[in-house]
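Notes follow once the structure below has been shown.
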Amino acid sequence: MRADTQLHPRALIAAARGRFHALFDRERMDAELDDEMRFHLEMEIAKNTAAGMSSSDARRAALVAFGGVDRAVEAHRDSRGTRMIEDAIADMRFAIRSLLRAPGFVGVSIVTLAVSIAIGTALFTGVNGFVFRPLPVPDGDRLVEVFTSDYNAREPLGSTSYPDLVDFTRAAAPVADLAGQARVMYALTVDGETKLVTGSLVSSRYFRVMRVAPEIGRFPAAEHPVAPAIVVSYTLWRRSFHSDTSAVGRTIQVNGQPFTVAAVAPPEFRGTSRENADDFWMDVTFEPLVSPNYAEFERRGNRSFHLFGRLRDGGSLDALTARLSVVASRLFDEDPEDWRDSTGKPRTVTVMSERDAVLAAAQGPDLLAIAGGVMMLGLALIAIACTNLASMQLARSAARRREIATRLALGASRGRIIRQMLAECALLAVPGAATGVLLAVAASRLISRFRPIPLPSVDLSLDWRVVTFITCALLLALLVFGLMPALQTVNVDLLSDLKGEHGGAAGARIGGLRGGLIIVQVALSVLFVAASGLIALALLRDANQGRDEARRVLIARVDFLPAAGDSIHVRALANDIIARVGAIPGVVASSATEFVPVTGARRTVVAELRDEAGQSRMRELDATGIAPGYLGVVGIRLVRGRDFAAHDIGVGYRTAIMTKAMADALWPGADPIGRHFTIDHGVVAEVIGVALDPPGSGAATDHSYPGLLYLPMNLGSESEVVLHARVPSGQAAVQREIAQVLRGENTRIVAPEVITLDEYFNHVLLPQRIMAEACGVLAALQLFLAIAGLSGLVAYVTTLRRREIGIRTALGASGRSVVGLVMRQGVRLALIGGCIGLALSLGVAQVVGSTMRITAPTVVAGLGTAVGIFVLVSMTAMLFPARRALRVSPAVALRD
Amino acid sequence: MPHETPGDVLQGTLDLLVLKTLALEPMHGWGIAQRIQQLSREALSVGQGSVYPALLRLQNRGLIDNAWGVTENNRRARYYSITTLGRKALRAETDDWRRYARAVELILGAG
């Protein structure tokens, strides 16, 4: 019956006006109501008096007829329809007042929340950018990636050769625009300073397919460009050109050849690889200019290119796959050598959206594990911060038992008190979270703009996924960590709390909730301390192992330019440089390797061994090519046999040296010298020497087989070598001399820097170092939280048991037994948490062990240190408040 | 959210009675309470105080309006008057009430 008038516009206006007045004009409304009721009562009294009642009877009758003034006032207030809002405002006011009395608590809570939410958001944004979001280019979700399968028929999502790319691009044209990219490393000379820089060779339609707009300049657009041009990344422009806007149009040297800077890419575009950041892009047409092996990309067998594409309107993945498959089967017919895999079947073409390809092409479960791990870490951080908040809230509410009991006794409903405590929680959570999100946004802006670390092209801006994640995490946190302590708080024994008693020893038992929180914090802090300790120890061990040797070795990466000529000239030049460096006073010996054998740099060969019975076995071995004298230069001792000599070089792999670990694994208990095996189905090689481990091998490789195989280096056929020189002392001076020798050859080689082998190892181990530092920070944060929890607990127990302590002291209890009394629970919780933390740490040791070499003593030492630190710090933290128990004067404690 | 105090007269009924009273002439709260009691020949004993929440409810629905005025014996009082929307609502609600009462009467009479 209300419907027809209720939705009338005038009714709606009236309702809104009524609520508005009720909220913002409350005092006037109350005053007017007061006036109105007073008038009412006076009229009623006057009526009653006129009817002949005495004045006191008239008043009583009037009040009875009215039916309770307070009730009417309350009913009137209820009818204003703003009760909930008014209550909420009152709750907020009260919460602000009570929080202002504890500024330390507020500060710690907000900072903890803000920091953990900022870190959590950043981690989540990172994972989101790397795994779930399309590349940060216009319509990135419309990009597709094209793969061809590899020769082993094992990996369907492999890369493609340049001739295939050309054929594919032509065939795909009606439905999609294709482009390809291959990663290269060239020496860029800007203002006379030469640096080795990684970038990509790209097909000419690359930037058009990506739809990237240049920051300055213009992307080369010609289909077959003639003038050598290069596009540089924003980061390279900032670092090497000092953000000079006139950089476009300037000429720089790429591997000694002049190139014109055509454009600067926008800051967020670092190429199309999610793992590596490109610093320049060059059309593949110019590759012969800068590379001595210029025909390399013309072979169908060289599968260096990653193919991307953009579907045209109306084009579909299926249509594109169909067209490319036709090309593939034609290529199989024309060029079976390169289009047949090892099972004899034609290789296949796979097309999928770029975003899906990230997950599909991930090497094994690594990416998912890392992404999941990082996300768990982010969530754990937020959870920990909330745990901390809840724990502090519990401690505070314990101290406020009396206040709460009083309010309950005065008739406040439990719901009302819970609401009020939730209001306090929200007052902490909202600013904390807002600060955290702001921090994260600011950080992501700064990182996207200035790229302090070489991040690849990933979208790091906040999006709805991140916002949803944060909102959900926060709501959950608020509910769980605000509601749980609130519920526990109202669960009080009115009588004893009002009297200020706590039911003796039984009442002083710590709630399971609070105990649980402390256990979690202790476990996590032990875990993080152990993890950072483990990594730090592994780094330390590695830094000491063979590092003295490494400090005595100077290395320089030398890239040969096309001007160096063919392989015969390159070999002569390399030998000449090695000899000249060796002749520098202070250099004891000089040599060269293909690369420095540590993490990340590896080459594997397939070795086929035959035993006496003629049975053959295949082994995949890590190998590196070395020049004669290398082992002596880096201080690797030959335990048996001889080093390579000049006549071993340049005749194929007829001889080999291996580390003891490898020899022991291949021929356990037998003498390896003189044994034969074939390498990569080639000639038969003879083992001529057994060496010890190379220095700096602490960073584990994901060895398929232990040890390292040294092969005679094919000087001249590689476009780069790493020059090694043994310099027992005065490295700095010799460093300059070597640099000068190398600079003298700068028309034929690029060698940007001479560093010690030790510096090189430090550089290689940077990710582990960062991980150790990050774990250290987390460990400190955790330790702080756990300590706050434990000392808070002891302080709480001390307060609760004041009376008991007083009695015990009066009866002659010793100081030690009193301290023991208040610390017992804390110690028990710390023990439980510590054991859980230790168990988890063993798992962490496994994870750390997958990237670094960790021995059992390291694990024991790492975990031992973690436990030691924790015991020391937590005991101190608990003893501090426990000392207060000693100061409890029996007289005072018993009096109140 | 307006919520009812236990033991109150049916909220809608009181609202209807107040509206009916005001349809005759503008009136202050006490006068409304008196009029309801008189007209119902003292049969409806409404707590006089509950008139005020009803007045606020009606006002929030835009059915009545109020203004401070002066009584015959020169006292300041708040006078309530019915709005056009209020008259419309009164007619509709009176019809509803009659239909409802008749239905109840029929059922009770049938026994």
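To be explicit about the labels: the chains of the structure tokens are called A, B, and onward in the order shown, and within each one the residues are counted from 1, while ligands get numbers from 1 in the order they are shown.
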*Hey, what's within 9 Å of A:Phe147 if we count only C-alpha atoms and toss same-chain stuff fewer than 6 positions away? As a list of chain:residue names, please?*
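Within the cut-off, the hits are A:Pro156, A:Leu157, A:Gly158, A:Ser159, A:Thr160, A:His306, A:Leu307, A:Thr348, A:Val349, A:Thr350, A:Val351, A:Met352.
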*Residues near A:Ala733, cut-off 12 Å, only C-alpha atoms, skip fewer than 6 positions along chain, as a PyMOL selection string*: chain A and resi 554+584-587+727+739-740+754-755
Sort by chain and increasing residue number a table of all residues of chain B within 9 Å of chain A, each with its closest pair of atoms and their distance in Å to one decimal, counting only C-alpha atoms, and write it as a Markdown table.
| residue | atom | partner | partner_atom | distance |
| --- | --- | --- | --- | --- |
| B:Met1 | CA | A:Gly81 | CA | 4.7 |
| B:Pro2 | CA | A:Ser79 | CA | 4.7 |
| B:His3 | CA | A:Asp78 | CA | 6.8 |
| B:Glu4 | CA | A:Ala75 | CA | 8.0 |
| B:Thr5 | CA | A:Ala75 | CA | 7.2 |
| B:His28 | CA | A:His40 | CA | 8.7 |
| B:Gly29 | CA | A:His40 | CA | 6.9 |
| B:Trp30 | CA | A:His40 | CA | 5.1 |
| B:Gly31 | CA | A:His40 | CA | 8.5 |
| B:Ser45 | CA | A:Ala65 | CA | 8.6 |
| B:Val46 | CA | A:Ala65 | CA | 8.2 |
| B:Gly47 | CA | A:Gly67 | CA | 4.9 |
| B:Gln48 | CA | A:Phe66 | CA | 4.3 |
| B:Gly49 | CA | A:Phe66 | CA | 4.8 |
| B:Ser50 | CA | A:Ala72 | CA | 6.0 |
| B:Val51 | CA | A:Ala72 | CA | 8.6 |
| B:Tyr52 | CA | A:His76 | CA | 6.4 |
| B:Pro53 | CA | A:His76 | CA | 4.3 |
| B:Ala54 | CA | A:Ser79 | CA | 7.9 |
| B:Leu55 | CA | A:His76 | CA | 8.9 |
| B:Leu56 | CA | A:Ser79 | CA | 6.6 |
| B:Arg57 | CA | A:Ser79 | CA | 6.1 |
| B:Gln59 | CA | A:Ala14 | CA | 6.9 |
| B:Asn60 | CA | A:Ala15 | CA | 4.3 |
| B:Arg61 | CA | A:Ala11 | CA | 4.8 |
| B:Gly62 | CA | A:Ala11 | CA | 4.4 |
| B:Leu63 | CA | A:Ala11 | CA | 7.3 |
| B:Arg75 | CA | A:Phe39 | CA | 8.2 |
| B:Arg76 | CA | A:Phe39 | CA | 8.0 |
| B:Ala77 | CA | A:Glu36 | CA | 6.5 |
| B:Arg78 | CA | A:Glu36 | CA | 6.7 |
| B:Leu85 | CA | A:Thr5 | CA | 7.1 |
| B:Gly86 | CA | A:Thr5 | CA | 8.4 |
| B:Lys88 | CA | A:Thr5 | CA | 7.9 |
| B:Ala89 | CA | A:Thr5 | CA | 6.3 |
| B:Ala92 | CA | A:Met1 | CA | 7.1 |
| B:Glu93 | CA | A:Met1 | CA | 6.2 |
| B:Asp96 | CA | A:Met1 | CA | 6.9 |
*Could you name the residues that touch B:Pro26 at 6 Å or less, counting only C-alpha atoms, but leaving out those on the same chain fewer than 3 positions away, as a PyMOL selection string?*
chain B and resi 22+80-81
_I need the residues in stretch 219-404 of chain A that are strand (DSSP E) according to DSSP; give them as a PyMOL selection string._
chain A and resi 229-232+251-254+257-264+280-283+306-311+349-353
*State, in Å with one decimal place, the distance from atom CA of A:Val844 to atom CA of A:Cys386.*
23.8 Å
*For A:Glu215, list every protein, DNA or RNA residue within 6 Å, evaluated using only C-alpha atoms, and leave out those in the same chain fewer than 3 positions away; present the list as a PyMOL selection string.*
chain A and resi 264-266
Kindly save the residues from that selection, with all heavy atoms included, as a PDB file, in the first residue's frame.
ATOM      1  N   VAL A 264      64.845   6.266 -30.750  1.00  0.00           N
ATOM      2  CA  VAL A 264      64.953   5.783 -29.372  1.00  0.00           C
ATOM      3  C   VAL A 264      63.611   5.156 -29.026  1.00  0.00           C
ATOM      4  O   VAL A 264      62.561   5.782 -29.209  1.00  0.00           O
ATOM      5  CB  VAL A 264      65.268   6.936 -28.389  1.00  0.00           C
ATOM      6  CG1 VAL A 264      65.292   6.416 -26.953  1.00  0.00           C
ATOM      7  CG2 VAL A 264      66.586   7.601 -28.743  1.00  0.00           C
ATOM      8  N   ALA A 265      63.633   3.904 -28.548  1.00  0.00           N
ATOM      9  CA  ALA A 265      62.385   3.210 -28.211  1.00  0.00           C
ATOM     10  C   ALA A 265      61.805   3.784 -26.919  1.00  0.00           C
ATOM     11  O   ALA A 265      62.538   4.348 -26.107  1.00  0.00           O
ATOM     12  CB  ALA A 265      62.645   1.721 -28.060  1.00  0.00           C
ATOM     13  N   PRO A 266      60.477   3.633 -26.706  1.00  0.00           N
ATOM     14  CA  PRO A 266      59.896   4.140 -25.457  1.00  0.00           C
ATOM     15  C   PRO A 266      60.400   3.333 -24.265  1.00  0.00           C
ATOM     16  O   PRO A 266      60.829   2.196 -24.423  1.00  0.00           O
ATOM     17  CB  PRO A 266      58.395   3.937 -25.669  1.00  0.00           C
ATOM     18  CG  PRO A 266      58.279   2.887 -26.711  1.00  0.00           C
ATOM     19  CD  PRO A 266      59.474   3.044 -27.596  1.00  0.00           C
TER      20      PRO A 266
END
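With only C-alpha atoms as the basis for measurement, A:Val458 is the residue among A:Asp548, A:Val458, A:Gln253, A:Glu145 that approaches A:Phe269 most closely.
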_Proximity to A:Arg557 - best of A:Ser719, A:Thr251, A:Thr604, A:Ser116, only C-alpha atoms_ = A:Ser719
May I have the residues within 7 Å of stretch 462-476 of chain A as a compact mmCIF listing (two decimals) with all heavy atoms, in the first residue's frame, using only C-alpha atoms and disregarding those fewer than 4 positions away in the same chain?
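Writing done, so here's result.txt:
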# COMPACT_ATOMS: atom_id res chain seq x y z
N PHE A 124 53.36 -9.21 -6.51
CA PHE A 124 52.23 -9.68 -7.30
C PHE A 124 52.21 -9.00 -8.66
O PHE A 124 51.93 -9.63 -9.68
CB PHE A 124 50.93 -9.44 -6.55
CG PHE A 124 49.78 -10.21 -7.10
CD1 PHE A 124 49.71 -11.57 -6.92
CD2 PHE A 124 48.78 -9.59 -7.82
CE1 PHE A 124 48.66 -12.30 -7.44
CE2 PHE A 124 47.73 -10.29 -8.34
CZ PHE A 124 47.66 -11.66 -8.15
N THR A 125 52.51 -7.70 -8.67
CA THR A 125 52.55 -6.98 -9.95
C THR A 125 53.61 -7.58 -10.85
O THR A 125 53.40 -7.75 -12.06
CB THR A 125 52.88 -5.49 -9.69
OG1 THR A 125 51.94 -4.99 -8.76
CG2 THR A 125 52.79 -4.70 -10.97
N VAL A 480 39.42 -11.60 9.36
CA VAL A 480 40.02 -12.64 10.18
C VAL A 480 40.76 -12.05 11.38
O VAL A 480 40.52 -12.42 12.52
CB VAL A 480 40.99 -13.50 9.34
CG1 VAL A 480 41.73 -14.49 10.23
CG2 VAL A 480 40.22 -14.23 8.27
Considering only C-alpha atoms, return as a PDB file with C-alpha atoms, in the first residue's frame whatever protein or nucleic-acid residues lie within 9 Å of A:Met713, sequence-local ones (same chain, fewer than 4 positions apart) excluded.
ATOM      1  CA  ALA A 592      92.441 -18.128 -23.702  1.00  0.00           C
ATOM      2  CA  THR A 593      89.154 -20.027 -23.384  1.00  0.00           C
ATOM      3  CA  GLU A 594      85.895 -20.102 -25.251  1.00  0.00           C
ATOM      4  CA  THR A 624      84.625 -25.762 -22.705  1.00  0.00           C
ATOM      5  CA  GLY A 625      87.388 -25.186 -25.219  1.00  0.00           C
ATOM      6  CA  ILE A 626      90.733 -23.996 -23.845  1.00  0.00           C
ATOM      7  CA  ALA A 627      94.025 -22.933 -25.371  1.00  0.00           C
ATOM      8  CA  PRO A 628      97.360 -24.442 -24.223  1.00  0.00           C
ATOM      9  CA  ASP A 648      96.591 -30.381 -30.295  1.00  0.00           C
ATOM     10  CA  ILE A 649      94.928 -27.172 -31.497  1.00  0.00           C
ATOM     11  CA  GLY A 650      93.091 -26.892 -34.793  1.00  0.00           C
ATOM     12  CA  GLY A 652      89.482 -31.317 -34.165  1.00  0.00           C
ATOM     13  CA  TYR A 653      88.806 -32.883 -30.808  1.00  0.00           C
TER      14      TYR A 653
END
*asked:* Which of stretch 789-855 of chain A end up as helix (DSSP H, G or I) when DSSP is run on this backbone - answer as an MDAnalysis selection string?
replied: chainID A and resid 789:800 802:810 815:849
_If I take atom CA of A:Arg414 and atom CA of A:Gly482, how far is one from the other in Å, to one decimal?_
14.6 Å
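Between atom CA of A:Asp177 and atom CA of A:Phe280 there is a distance of 21.9 Å.
Checking A:Ala691, A:Ile749, A:Ala171, A:Ala646 one by one against A:Thr659, counting only C-alpha atoms, you find the shortest gap at A:Ala691.
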_Selection: 10 Å around stretch 570-576 of chain A, only C-alpha atoms, excl. self and same-chain fewer than 2 positions, as a PyMOL selection string_ = chain A and resi 292+558+560-568+578-582+591-592+627+650+714-721+723+745+748-749
Export of the given selection (N, CA and C atoms) as a JSON list (two decimals), in the first residue's frame:
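New file part.json:
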[["chain", "number", "residue", "atom", "x", "y", "z"],
["A", 292, "PRO", "N", 81.69, -11.60, -38.53],
["A", 292, "PRO", "CA", 82.58, -12.27, -39.47],
["A", 292, "PRO", "C", 81.93, -13.49, -40.11],
["A", 558, "VAL", "N", 87.26, -10.86, -25.82],
["A", 558, "VAL", "CA", 87.69, -10.26, -27.10],
["A", 558, "VAL", "C", 86.75, -10.74, -28.20],
["A", 560, "PHE", "N", 86.02, -10.62, -32.26],
["A", 560, "PHE", "CA", 86.69, -10.29, -33.51],
["A", 560, "PHE", "C", 85.71, -9.65, -34.47],
["A", 561, "LEU", "N", 86.13, -8.54, -35.06],
["A", 561, "LEU", "CA", 85.29, -7.81, -36.01],
["A", 561, "LEU", "C", 85.49, -8.39, -37.41],
["A", 562, "PRO", "N", 84.56, -8.09, -38.32],
["A", 562, "PRO", "CA", 84.72, -8.61, -39.69],
["A", 562, "PRO", "C", 86.06, -8.18, -40.29],
["A", 563, "ALA", "N", 86.57, -7.02, -39.86],
["A", 563, "ALA", "CA", 87.85, -6.54, -40.40],
["A", 563, "ALA", "C", 89.00, -7.47, -40.04],
["A", 564, "ALA", "N", 88.79, -8.38, -39.06],
["A", 564, "ALA", "CA", 89.86, -9.30, -38.67],
["A", 564, "ALA", "C", 90.09, -10.35, -39.74],
["A", 565, "GLY", "N", 89.14, -10.51, -40.66],
["A", 565, "GLY", "CA", 89.35, -11.44, -41.76],
["A", 565, "GLY", "C", 88.84, -12.84, -41.47],
["A", 566, "ASP", "N", 89.32, -13.81, -42.25],
["A", 566, "ASP", "CA", 88.80, -15.17, -42.13],
["A", 566, "ASP", "C", 89.42, -15.90, -40.94],
["A", 567, "SER", "N", 89.06, -17.17, -40.77],
["A", 567, "SER", "CA", 89.42, -17.87, -39.54],
["A", 567, "SER", "C", 90.94, -18.02, -39.40],
["A", 568, "ILE", "N", 91.65, -18.12, -40.50],
["A", 568, "ILE", "CA", 93.12, -18.25, -40.41],
["A", 568, "ILE", "C", 93.71, -16.96, -39.85],
["A", 578, "ILE", "N", 97.63, -13.13, -27.55],
["A", 578, "ILE", "CA", 97.99, -13.92, -26.37],
["A", 578, "ILE", "C", 99.50, -13.78, -26.10],
["A", 579, "ALA", "N", 100.29, -13.85, -27.18],
["A", 579, "ALA", "CA", 101.74, -13.76, -27.01],
["A", 579, "ALA", "C", 102.15, -12.38, -26.51],
["A", 580, "ARG", "N", 101.54, -11.33, -27.09],
["A", 580, "ARG", "CA", 101.93, -9.97, -26.68],
["A", 580, "ARG", "C", 101.54, -9.68, -25.25],
["A", 581, "VAL", "N", 100.37, -10.17, -24.86],
["A", 581, "VAL", "CA", 99.95, -9.98, -23.47],
["A", 581, "VAL", "C", 100.89, -10.74, -22.54],
["A", 582, "GLY", "N", 101.31, -11.94, -23.00],
["A", 582, "GLY", "CA", 102.22, -12.75, -22.19],
["A", 582, "GLY", "C", 103.57, -12.08, -22.01],
["A", 591, "SER", "N", 96.77, -17.09, -21.79],
["A", 591, "SER", "CA", 96.10, -18.11, -22.58],
["A", 591, "SER", "C", 94.67, -17.63, -22.89],
["A", 592, "ALA", "N", 93.82, -18.54, -23.36],
["A", 592, "ALA", "CA", 92.44, -18.13, -23.70],
["A", 592, "ALA", "C", 91.49, -19.31, -23.56],
["A", 627, "ALA", "N", 92.77, -22.99, -24.63],
["A", 627, "ALA", "CA", 94.03, -22.93, -25.37],
["A", 627, "ALA", "C", 95.13, -23.51, -24.48],
["A", 650, "GLY", "N", 93.42, -27.05, -33.37],
["A", 650, "GLY", "CA", 93.09, -26.89, -34.79],
["A", 650, "GLY", "C", 93.04, -28.20, -35.56],
["A", 714, "ASN", "N", 89.15, -24.38, -30.70],
["A", 714, "ASN", "CA", 89.27, -24.10, -32.14],
["A", 714, "ASN", "C", 89.49, -22.62, -32.36],
["A", 715, "LEU", "N", 90.68, -22.17, -32.03],
["A", 715, "LEU", "CA", 90.96, -20.72, -32.20],
["A", 715, "LEU", "C", 90.71, -20.33, -33.64],
["A", 716, "GLY", "N", 89.99, -19.24, -33.83],
["A", 716, "GLY", "CA", 89.77, -18.76, -35.19],
["A", 716, "GLY", "C", 88.38, -19.03, -35.70],
["A", 717, "SER", "N", 87.79, -20.14, -35.29],
["A", 717, "SER", "CA", 86.45, -20.43, -35.79],
["A", 717, "SER", "C", 85.38, -19.77, -34.92],
["A", 718, "GLU", "N", 85.75, -19.34, -33.72],
["A", 718, "GLU", "CA", 84.79, -18.64, -32.88],
["A", 718, "GLU", "C", 84.99, -17.14, -33.07],
["A", 719, "SER", "N", 83.90, -16.38, -32.95],
["A", 719, "SER", "CA", 84.04, -14.95, -33.14],
["A", 719, "SER", "C", 84.43, -14.25, -31.84],
["A", 720, "GLU", "N", 84.56, -15.02, -30.77],
["A", 720, "GLU", "CA", 84.96, -14.40, -29.52],
["A", 720, "GLU", "C", 85.81, -15.37, -28.71],
["A", 721, "VAL", "N", 86.73, -14.85, -27.93],
["A", 721, "VAL", "CA", 87.49, -15.66, -26.98],
["A", 721, "VAL", "C", 87.60, -14.85, -25.68],
["A", 723, "LEU", "N", 90.36, -13.85, -23.13],
["A", 723, "LEU", "CA", 91.80, -13.81, -22.89],
["A", 723, "LEU", "C", 92.06, -13.93, -21.39],
["A", 745, "GLU", "N", 94.50, -2.75, -31.19],
["A", 745, "GLU", "CA", 93.94, -3.60, -32.25],
["A", 745, "GLU", "C", 92.48, -3.25, -32.53],
["A", 748, "ARG", "N", 90.25, -4.29, -35.44],
["A", 748, "ARG", "CA", 89.95, -5.69, -35.74],
["A", 748, "ARG", "C", 89.24, -6.43, -34.59],
["A", 749, "ILE", "N", 89.36, -5.88, -33.38],
["A", 749, "ILE", "CA", 88.72, -6.54, -32.24],
["A", 749, "ILE", "C", 87.98, -5.53, -31.38]]
